[in-house]
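Dumped upload_24.txt below, it's compact mmCIF, C-alpha atoms:
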```
# COMPACT_ATOMS: atom_id res chain seq x y z
CA MET A 283 -12.05 5.09 -17.66
CA GLN A 284 -11.31 4.73 -21.38
CA HIS A 285 -10.39 8.43 -21.37
CA LEU A 286 -7.34 7.51 -19.26
CA ALA A 287 -6.38 4.55 -21.46
CA ASN A 288 -3.76 6.61 -23.24
CA PRO A 289 -0.55 6.56 -21.11
CA ALA A 290 0.41 10.06 -22.29
CA ARG A 291 -2.94 11.44 -21.14
CA PHE A 292 -2.63 9.56 -17.85
CA LEU A 293 0.87 10.97 -17.28
CA GLY A 294 -0.42 14.52 -17.90
CA ILE A 295 -3.18 14.11 -15.34
CA ALA A 296 -0.90 12.31 -12.82
CA ASN A 297 1.84 14.96 -13.07
CA ALA A 298 -0.71 17.74 -12.53
CA ALA A 299 -2.38 15.98 -9.59
CA LEU A 300 0.73 14.76 -7.75
CA PRO A 301 1.76 18.03 -5.98
CA PHE A 302 -1.76 18.39 -4.56
CA VAL A 303 -1.96 14.74 -3.49
CA TRP A 304 1.47 14.95 -1.78
CA ALA A 305 0.47 18.18 0.00
CA ALA A 306 -2.84 16.70 1.16
CA ALA A 307 -1.09 13.51 2.36
CA VAL A 308 1.51 15.46 4.39
CA ALA A 309 -1.16 17.76 5.87
CA CYS A 310 -3.39 14.82 6.88
CA LEU A 311 -0.40 12.97 8.31
CA ALA A 312 0.55 16.01 10.43
CA VAL A 313 -3.01 16.44 11.74
CA GLY A 314 -3.41 12.68 12.24
CA LEU A 315 -0.14 12.38 14.21
CA TYR A 316 -1.12 15.34 16.39
CA GLY A 317 -4.47 13.66 17.08
CA ALA A 318 -2.85 10.26 17.68
CA LEU A 319 0.00 11.34 19.94
CA ALA A 320 -1.33 14.49 21.65
CA ALA A 321 -5.10 14.97 21.39
CA ALA A 322 -6.44 11.42 21.83
CA PRO A 323 -6.73 10.27 25.46
CA ALA A 324 -5.08 7.14 26.81
CA ASP A 325 -7.41 4.14 26.98
CA TYR A 326 -8.76 3.28 30.44
CA GLN A 327 -7.67 -0.35 30.06
CA GLN A 328 -4.77 -0.31 27.59
CA GLY A 329 -3.25 3.01 28.68
CA GLU A 330 -0.82 4.62 26.21
CA THR A 331 -0.48 1.35 24.27
CA VAL A 332 -3.74 2.18 22.49
CA ARG A 333 -1.80 4.75 20.41
CA ILE A 334 -0.36 1.87 18.38
CA MET A 335 -3.87 1.57 16.91
CA PHE A 336 -3.39 4.82 14.94
CA VAL A 337 -0.60 3.29 12.83
CA HIS A 338 -1.69 -0.35 12.98
CA VAL A 339 -5.33 -0.08 11.88
CA PRO A 340 -4.76 2.27 8.86
CA ALA A 341 -1.93 -0.02 7.68
CA ALA A 342 -4.27 -3.02 7.88
CA TRP A 343 -7.03 -1.11 6.03
CA MET A 344 -4.57 -0.16 3.30
CA ALA A 345 -3.23 -3.72 2.97
CA LEU A 346 -6.80 -4.85 2.17
CA LEU A 347 -7.67 -1.83 0.01
CA VAL A 348 -4.50 -2.08 -2.11
CA TYR A 349 -5.06 -5.78 -2.76
CA THR A 350 -8.64 -4.94 -3.80
CA VAL A 351 -7.24 -2.30 -6.19
CA MET A 352 -4.84 -4.93 -7.61
CA ALA A 353 -7.63 -7.46 -8.09
CA ALA A 354 -9.95 -4.86 -9.69
CA ALA A 355 -7.18 -3.69 -12.04
CA SER A 356 -6.43 -7.31 -12.97
CA ALA A 357 -10.13 -7.89 -13.74
CA VAL A 358 -10.18 -4.76 -15.90
CA ALA A 359 -7.04 -6.00 -17.70
CA ILE A 360 -8.71 -9.33 -18.47
CA VAL A 361 -12.13 -7.98 -19.47
CA PHE A 362 -11.37 -4.64 -21.14
CA ARG A 363 -7.67 -5.01 -22.12
CA HIS A 364 -7.13 -1.58 -20.62
CA PRO A 365 -3.47 -0.72 -21.34
CA LEU A 366 -2.89 0.81 -17.90
CA ALA A 367 -4.63 -1.88 -15.85
CA ASP A 368 -1.62 -4.20 -15.54
CA VAL A 369 0.58 -1.17 -14.88
CA ALA A 370 -1.74 -0.14 -12.02
CA ALA A 371 -1.81 -3.62 -10.49
CA LYS A 372 1.95 -4.15 -10.74
CA ALA A 373 2.74 -0.69 -9.33
CA ALA A 374 0.39 -1.20 -6.36
CA ALA A 375 1.89 -4.49 -5.17
CA PRO A 376 5.06 -3.30 -3.34
CA ILE A 377 3.09 -0.52 -1.65
CA GLY A 378 0.44 -3.00 -0.48
CA ALA A 379 3.14 -5.39 0.72
CA ALA A 380 4.72 -2.60 2.79
CA PHE A 381 1.37 -1.74 4.41
CA CYS A 382 0.70 -5.43 5.07
CA PHE A 383 4.14 -5.85 6.67
CA LEU A 384 3.47 -2.76 8.82
CA ALA A 385 0.08 -4.11 9.92
CA LEU A 386 1.75 -7.36 11.03
CA ALA A 387 4.77 -5.68 12.68
CA THR A 388 2.80 -3.03 14.57
CA GLY A 389 0.18 -5.63 15.48
CA SER A 390 2.93 -7.76 16.97
CA LEU A 391 4.22 -4.75 18.95
CA TRP A 392 0.67 -4.21 20.22
CA GLY A 393 0.09 -7.90 20.93
CA LYS A 394 3.10 -8.42 23.19
CA PRO A 395 2.04 -6.00 25.97
CA MET A 396 -1.71 -6.72 25.59
CA TRP A 397 -1.82 -10.49 24.92
CA GLY A 398 1.57 -11.44 26.28
CA ALA A 399 2.65 -12.87 22.91
CA TRP A 400 4.35 -11.42 19.82
CA TRP A 401 2.42 -13.78 17.57
CA VAL A 402 -0.42 -16.30 17.72
CA TRP A 403 -1.72 -18.48 14.86
CA ASP A 404 -5.10 -16.85 15.18
CA ALA A 405 -7.48 -16.59 12.18
CA ARG A 406 -7.00 -12.82 11.69
CA LEU A 407 -3.22 -12.90 12.05
CA THR A 408 -2.82 -15.99 9.90
CA SER A 409 -5.04 -14.67 7.07
CA MET A 410 -3.12 -11.39 7.18
CA PHE A 411 0.15 -13.32 6.92
CA VAL A 412 -1.31 -15.19 3.91
CA LEU A 413 -2.09 -11.77 2.37
CA LEU A 414 1.57 -10.78 2.75
CA LEU A 415 2.59 -14.03 1.03
CA LEU A 416 0.15 -13.28 -1.81
CA TYR A 417 1.71 -9.84 -2.27
CA LEU A 418 5.21 -11.34 -2.32
CA GLY A 419 4.13 -14.12 -4.69
CA TYR A 420 2.54 -11.60 -7.06
CA MET A 421 5.72 -9.50 -7.08
CA ALA A 422 7.87 -12.61 -7.58
CA ILE A 423 5.92 -13.52 -10.73
CA TRP A 424 6.76 -10.17 -12.36
CA GLN A 425 10.42 -10.60 -11.34
CA ALA A 426 10.75 -14.23 -12.40
CA ILE A 427 9.06 -14.18 -15.82
CA GLU A 428 10.96 -12.11 -18.34
CA GLU A 429 8.27 -11.98 -21.04
CA PRO A 430 5.87 -9.22 -19.84
CA HIS A 431 2.69 -10.55 -21.52
CA ARG A 432 3.18 -14.01 -20.00
CA ALA A 433 3.99 -12.50 -16.59
CA ALA A 434 0.87 -10.31 -16.80
CA GLN A 435 -1.37 -13.29 -17.60
CA ILE A 436 -0.17 -15.29 -14.57
CA ALA A 437 -0.07 -12.24 -12.26
CA ARG A 438 -3.71 -11.38 -13.11
CA ILE A 439 -4.83 -14.88 -12.12
CA VAL A 440 -2.86 -14.77 -8.85
CA ALA A 441 -4.35 -11.36 -8.01
CA LEU A 442 -7.91 -12.53 -8.69
CA VAL A 443 -7.62 -15.91 -6.97
CA GLY A 444 -5.87 -14.30 -4.01
CA PHE A 445 -8.71 -11.82 -3.62
CA VAL A 446 -10.68 -14.63 -1.95
CA ASN A 447 -8.46 -13.97 1.08
CA VAL A 448 -9.61 -10.34 1.46
CA PRO A 449 -13.10 -11.09 2.86
CA ILE A 450 -11.54 -13.91 4.90
CA VAL A 451 -9.24 -11.35 6.59
CA LYS A 452 -12.13 -8.92 7.12
CA PHE A 453 -14.60 -11.43 8.56
CA SER A 454 -12.15 -13.83 10.24
CA VAL A 455 -12.89 -12.25 13.64
CA ASP A 456 -16.62 -12.99 13.15
CA TRP A 457 -16.31 -16.46 11.61
CA TRP A 458 -13.82 -17.94 14.09
CA ASN A 459 -13.00 -17.55 17.76
CA SER A 460 -10.22 -15.02 17.72
CA LEU A 461 -7.91 -13.31 20.16
CA HIS A 462 -8.10 -10.27 17.88
CA GLN A 463 -10.86 -7.81 18.68
CA PRO A 464 -13.90 -7.63 16.33
CA ALA A 465 -14.50 -4.73 13.90
CA SER A 466 -15.12 -1.47 15.74
CA VAL A 467 -15.22 1.13 12.93
CA PHE A 468 -16.57 -0.35 9.68
CA ARG A 469 -19.47 -2.39 11.05
CA LEU A 470 -23.25 -2.52 10.87
CA GLY A 471 -24.61 -0.20 13.54
CA GLY A 472 -21.73 2.26 13.29
CA PRO A 473 -18.43 2.66 15.11
CA THR A 474 -18.20 1.54 18.73
CA ILE A 475 -15.26 3.74 19.69
CA ASP A 476 -15.42 7.22 21.17
CA ILE A 477 -15.17 10.23 18.85
CA SER A 478 -12.02 11.45 20.66
CA ILE A 479 -10.21 8.31 19.42
CA LEU A 480 -12.20 7.88 16.21
CA TRP A 481 -11.29 11.18 14.53
CA PRO A 482 -7.48 10.73 14.70
CA LEU A 483 -7.94 7.18 13.43
CA LEU A 484 -10.00 8.34 10.45
CA VAL A 485 -7.57 11.18 9.67
CA MET A 486 -4.64 8.72 9.79
CA GLY A 487 -6.64 6.42 7.50
CA LEU A 488 -7.13 9.29 5.06
CA ALA A 489 -3.41 10.18 5.29
CA TYR A 490 -2.39 6.59 4.47
CA THR A 491 -4.89 6.53 1.58
CA LEU A 492 -3.50 9.77 0.12
CA LEU A 493 0.05 8.49 0.64
CA PHE A 494 -0.87 5.35 -1.27
CA LEU A 495 -2.43 7.43 -4.05
CA ALA A 496 0.72 9.59 -4.39
CA LEU A 497 3.09 6.62 -4.32
CA HIS A 498 0.89 4.65 -6.71
CA LEU A 499 0.80 7.47 -9.27
CA VAL A 500 4.61 7.79 -9.10
CA ALA A 501 5.09 4.01 -9.32
CA MET A 502 2.73 3.84 -12.33
CA ARG A 503 4.72 6.63 -14.01
CA SER A 504 7.92 4.63 -13.37
CA GLU A 505 6.38 1.47 -14.79
CA ILE A 506 5.32 3.32 -17.96
CA ALA A 507 8.92 4.62 -18.28
CA ALA A 508 10.29 1.07 -17.75
CA ARG A 509 8.04 -0.26 -20.53
CA LYS A 510 9.13 2.57 -22.83
CA ILE A 511 12.79 1.72 -22.14
CA ARG A 512 12.14 -1.92 -22.99
CA GLN A 513 10.43 -0.97 -26.26
CA LEU A 514 13.22 1.44 -27.22
CA ARG A 515 15.89 -1.22 -26.50
CA ILE A 516 14.02 -3.81 -28.58
CA ALA A 517 13.70 -1.25 -31.38
CA ARG A 518 17.47 -0.54 -31.23
CA ILE A 519 18.26 -4.27 -31.39
CA GLY A 520 15.89 -4.56 -34.35
CA VAL A 521 17.59 -1.66 -36.18
CA GLY A 522 21.10 -2.92 -35.28
CA MET B 1197 1.09 11.35 25.76
CA ASP B 1198 2.62 10.20 29.03
CA LEU B 1199 6.16 9.07 28.25
CA THR B 1200 6.60 7.53 31.72
CA ALA B 1201 3.60 5.20 31.29
CA PRO B 1202 4.24 1.45 30.96
CA HIS B 1203 4.87 0.00 27.47
CA THR B 1204 5.79 3.34 25.81
CA GLY B 1205 8.75 1.52 24.24
CA PHE B 1206 6.26 -0.58 22.22
CA VAL B 1207 4.44 2.59 21.10
CA ALA B 1208 7.73 4.25 20.08
CA ALA B 1209 8.82 1.10 18.21
CA ALA B 1210 5.48 0.94 16.31
CA TYR B 1211 5.73 4.57 15.20
CA GLY B 1212 9.45 4.18 14.46
CA ILE B 1213 9.03 1.14 12.22
CA SER B 1214 6.06 2.78 10.46
CA ALA B 1215 8.12 5.91 9.72
CA LEU B 1216 11.12 3.86 8.62
CA VAL B 1217 9.15 1.63 6.23
CA LEU B 1218 7.02 4.44 4.74
CA VAL B 1219 9.92 6.88 4.29
CA GLY B 1220 12.07 4.07 2.86
CA LEU B 1221 9.31 3.01 0.47
CA ALA B 1222 8.72 6.60 -0.69
CA ALA B 1223 12.47 7.17 -1.20
CA PHE B 1224 12.81 3.93 -3.17
CA ILE B 1225 9.81 4.69 -5.41
CA LEU B 1226 10.86 8.32 -6.02
CA MET B 1227 14.52 7.42 -6.79
CA ARG B 1228 13.48 4.60 -9.14
CA ASP B 1229 11.07 6.97 -10.88
CA ARG B 1230 13.78 9.61 -11.40
CA LYS B 1231 16.27 7.01 -12.73
CA LEU B 1232 13.80 5.34 -15.13
CA ARG B 1233 12.42 8.60 -16.52
CA ALA B 1234 15.94 9.93 -17.13
CA GLU B 1235 16.89 6.66 -18.85
CA ALA B 1236 13.76 6.68 -21.02
CA GLU B 1237 14.40 10.29 -22.00
CA ALA B 1238 18.06 9.58 -22.86
CA LEU B 1239 17.12 6.57 -24.99
CA GLY B 1240 14.38 8.58 -26.72
CA ASP B 1241 16.83 11.42 -27.47
CA ARG B 1242 19.42 8.97 -28.83
CA ARG B 1243 16.78 7.39 -31.05
CA THR B 1244 15.79 10.82 -32.44
CA LYS B 1245 19.47 11.66 -33.04
CA ASP B 1246 20.16 8.31 -34.76
CA ALA B 1247 17.09 8.57 -37.02
CA PRO B 1248 18.02 9.03 -40.69
```
Could you quickly redo this structure as structure tokens?
Amino acid sequence: MQHLANPARFLGIANAALPFVWAAAVACLAVGLYGALAAAPADYQQGETVRIMFVHVPAAWMALLVYTVMAAASAVAIVFRHPLADVAAKAAAPIGAAFCFLALATGSLWGKPMWGAWWVWDARLTSMFVLLLLYLGYMAIWQAIEEPHRAAQIARIVALVGFVNVPIVKFSVDWWNSLHQPASVFRLGGPTIDISILWPLLVMGLAYTLLFLALHLVAMRSEIAARKIRQLRIARIGVG
Amino acid sequence: MDLTAPHTGFVAAAYGISALVLVGLAAFILMRDRKLRAEAEALGDRRTKDAP
């Protein structure tokens, strides 16, 4: 971890890795979409509507995973003062917010034909909505506070406190009566869904993870450039 | 996939919004990256040129 603490070293590794990560993401997305739209059978109860699962579930997984990455990076920033930790957390937030929005939007599009409602204030849906608000709040802190060190201090606390919501989202379907179905992939006892539907779902999950990795590396590179610009401008003002 | 099945509009909308958001996000991140790196490079070059 400390080996990557130097931004120049990180940029070297990120620039070398990015073409491979992009290629792997596009390949997985192509295979995943083939599996989701062509190979997987229609569900005996839900019919073709079940295909929404292949974009809804990976988006929901990523919304939780990205927030976990943000919270872990914020913890590393507090404990180890790792110079790239705040960069990693800040760069991840808009990507996580996009996945969270997609989970809610595609869930709503799935809910209307299956439940007869676009939205219900159910424990899973509500905790997911709270997660979106946490993402937006985290991003707003970086936008609203001009002094980066002060913004980082507050953003770290929001990321860590907000992490409490992640297990609430995950276990909400077990802890409360919910319209949302319980976990069917990551559960004790193994997945409950058929392999013909499971493999496209897992490939789409991998595609979304690789897409996040590629976008995160690029966003971290941008954030390092933005910090360099700020330092150079301050240096120019100091010289002037 | 059976395009004549009921509710295919919901399926199309879910895939459409996913594509729109993810392509839009990627375009935004990549364009911002290009702009910021070019700006950082230009400022760095100017600083080297201005150095005594």
(message) If the cut-off is 7 Å, can you tell me the residues of chain A near chain B, counting all atoms listed in the file? I'd like them as a list of chain:residue names.
(response)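 Applying the cut-off to the listed atoms yields A:Leu319, A:Ala320, A:Glu330, A:Thr331, A:Arg333, A:Ile334, A:Val337, A:Leu384, A:Thr388, A:Leu391, A:Trp392, A:Pro395, A:Leu497, A:Val500, A:Ala501, A:Ser504, A:Ala507, A:Ala508, A:Lys510, A:Ile511, A:Leu514.
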(request) Mind giving me the straight-line distance from atom CA of Pro376 of chain A to atom CA of Ile439 of chain A in Å, one decimal? (result)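 Pair atom CA of Pro376 of chain A / atom CA of Ile439 of chain A returns 17.6 Å.
For the pair atom CA of Lys452 of chain A and atom CA of Gly471 of chain A, the interatomic distance is 16.5 Å.
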(request) Please indicate the distance in Å from atom CA of Val369 of chain A to atom CA of Arg438 of chain A, rounded to one decimal place. (result) 11.2 Å
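Residues with any atom within 8 Å of Leu492 of chain A, counting all atoms listed in the file and excluding same-chain neighbours fewer than 3 positions away, are A:Val303, A:Trp304, A:Ala306, A:Ala307, A:Leu488, A:Ala489, A:Leu495, A:Ala496.
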Adding 6 Å on each side of the box along x, y and z that holds all listed atoms of segment 430-438 of chain A, could you give its centre and edge lengths in Å to one decimal, as AutoDock Vina command-line options?
```
--center_x 1.1 --center_y -12.3 --center_z -16.9 --size_x 21.6 --size_y 18.1 --size_z 21.3
```
(message) With only C-alpha atoms as the counted atoms, please give the residues lying no more than 9 Å from Ile423 of chain A, apart from itself and same-chain residues fewer than 2 positions off, as number ranges by chain.
(response) A: 418-421, 425-427, 433-434, 436-437
(message) Would you pick out the contacts of Leu414 of chain A at 9 Å or less, using only C-alpha atoms, so that residues sharing its chain but fewer than 6 positions from it are not included, and give the list as a ChimeraX atom specification?
(response) /A:345,378-380,382-383,386
Can you sort out segment 432-457 of chain A so it carries N, CA and C atoms, written as a compact mmCIF listing (two decimals), in the coordinates of the input?
```
# COMPACT_ATOMS: atom_id res chain seq x y z
N ARG A 432 3.35 -12.74 -20.73
CA ARG A 432 3.18 -14.01 -20.00
C ARG A 432 3.09 -13.72 -18.49
N ALA A 433 3.99 -12.86 -18.02
CA ALA A 433 3.99 -12.50 -16.59
C ALA A 433 2.65 -11.87 -16.22
N ALA A 434 2.14 -10.99 -17.09
CA ALA A 434 0.87 -10.31 -16.80
C ALA A 434 -0.27 -11.31 -16.69
N GLN A 435 -0.28 -12.30 -17.62
CA GLN A 435 -1.37 -13.29 -17.60
C GLN A 435 -1.41 -14.05 -16.27
N ILE A 436 -0.23 -14.51 -15.82
CA ILE A 436 -0.17 -15.29 -14.57
C ILE A 436 -0.45 -14.38 -13.37
N ALA A 437 0.11 -13.17 -13.39
CA ALA A 437 -0.07 -12.24 -12.26
C ALA A 437 -1.55 -11.88 -12.08
N ARG A 438 -2.27 -11.70 -13.20
CA ARG A 438 -3.71 -11.38 -13.11
C ARG A 438 -4.46 -12.50 -12.39
N ILE A 439 -4.13 -13.74 -12.74
CA ILE A 439 -4.83 -14.88 -12.12
C ILE A 439 -4.53 -14.94 -10.62
N VAL A 440 -3.24 -14.74 -10.27
CA VAL A 440 -2.86 -14.77 -8.85
C VAL A 440 -3.60 -13.67 -8.09
N ALA A 441 -3.68 -12.48 -8.68
CA ALA A 441 -4.35 -11.36 -8.01
C ALA A 441 -5.83 -11.67 -7.79
N LEU A 442 -6.47 -12.25 -8.81
CA LEU A 442 -7.91 -12.53 -8.69
C LEU A 442 -8.20 -13.70 -7.76
N VAL A 443 -7.41 -14.76 -7.86
CA VAL A 443 -7.62 -15.91 -6.97
C VAL A 443 -7.33 -15.50 -5.52
N GLY A 444 -6.26 -14.74 -5.35
CA GLY A 444 -5.87 -14.30 -4.01
C GLY A 444 -6.87 -13.38 -3.36
N PHE A 445 -7.71 -12.74 -4.17
CA PHE A 445 -8.71 -11.82 -3.62
C PHE A 445 -9.69 -12.52 -2.68
N VAL A 446 -9.82 -13.83 -2.85
CA VAL A 446 -10.68 -14.63 -1.95
C VAL A 446 -10.27 -14.39 -0.49
N ASN A 447 -8.97 -14.14 -0.29
CA ASN A 447 -8.46 -13.97 1.08
C ASN A 447 -8.90 -12.65 1.72
N VAL A 448 -9.27 -11.66 0.89
CA VAL A 448 -9.61 -10.34 1.46
C VAL A 448 -10.84 -10.40 2.37
N PRO A 449 -11.98 -10.96 1.92
CA PRO A 449 -13.10 -11.09 2.86
C PRO A 449 -12.80 -12.04 4.02
N ILE A 450 -11.90 -13.00 3.79
CA ILE A 450 -11.54 -13.91 4.90
C ILE A 450 -10.84 -13.10 6.00
N VAL A 451 -9.92 -12.20 5.59
CA VAL A 451 -9.24 -11.35 6.59
C VAL A 451 -10.28 -10.50 7.32
N LYS A 452 -11.14 -9.85 6.54
CA LYS A 452 -12.13 -8.92 7.12
C LYS A 452 -13.06 -9.61 8.13
N PHE A 453 -13.58 -10.78 7.72
CA PHE A 453 -14.60 -11.43 8.56
C PHE A 453 -14.05 -12.55 9.46
N SER A 454 -12.74 -12.74 9.45
CA SER A 454 -12.15 -13.83 10.24
C SER A 454 -12.51 -13.70 11.72
N VAL A 455 -12.59 -12.45 12.21
CA VAL A 455 -12.89 -12.25 13.64
C VAL A 455 -14.35 -12.59 13.97
N ASP A 456 -15.21 -12.62 12.92
CA ASP A 456 -16.62 -12.99 13.15
C ASP A 456 -16.84 -14.49 12.93
N TRP A 457 -16.08 -15.06 11.99
CA TRP A 457 -16.31 -16.46 11.61
C TRP A 457 -15.66 -17.45 12.57
```
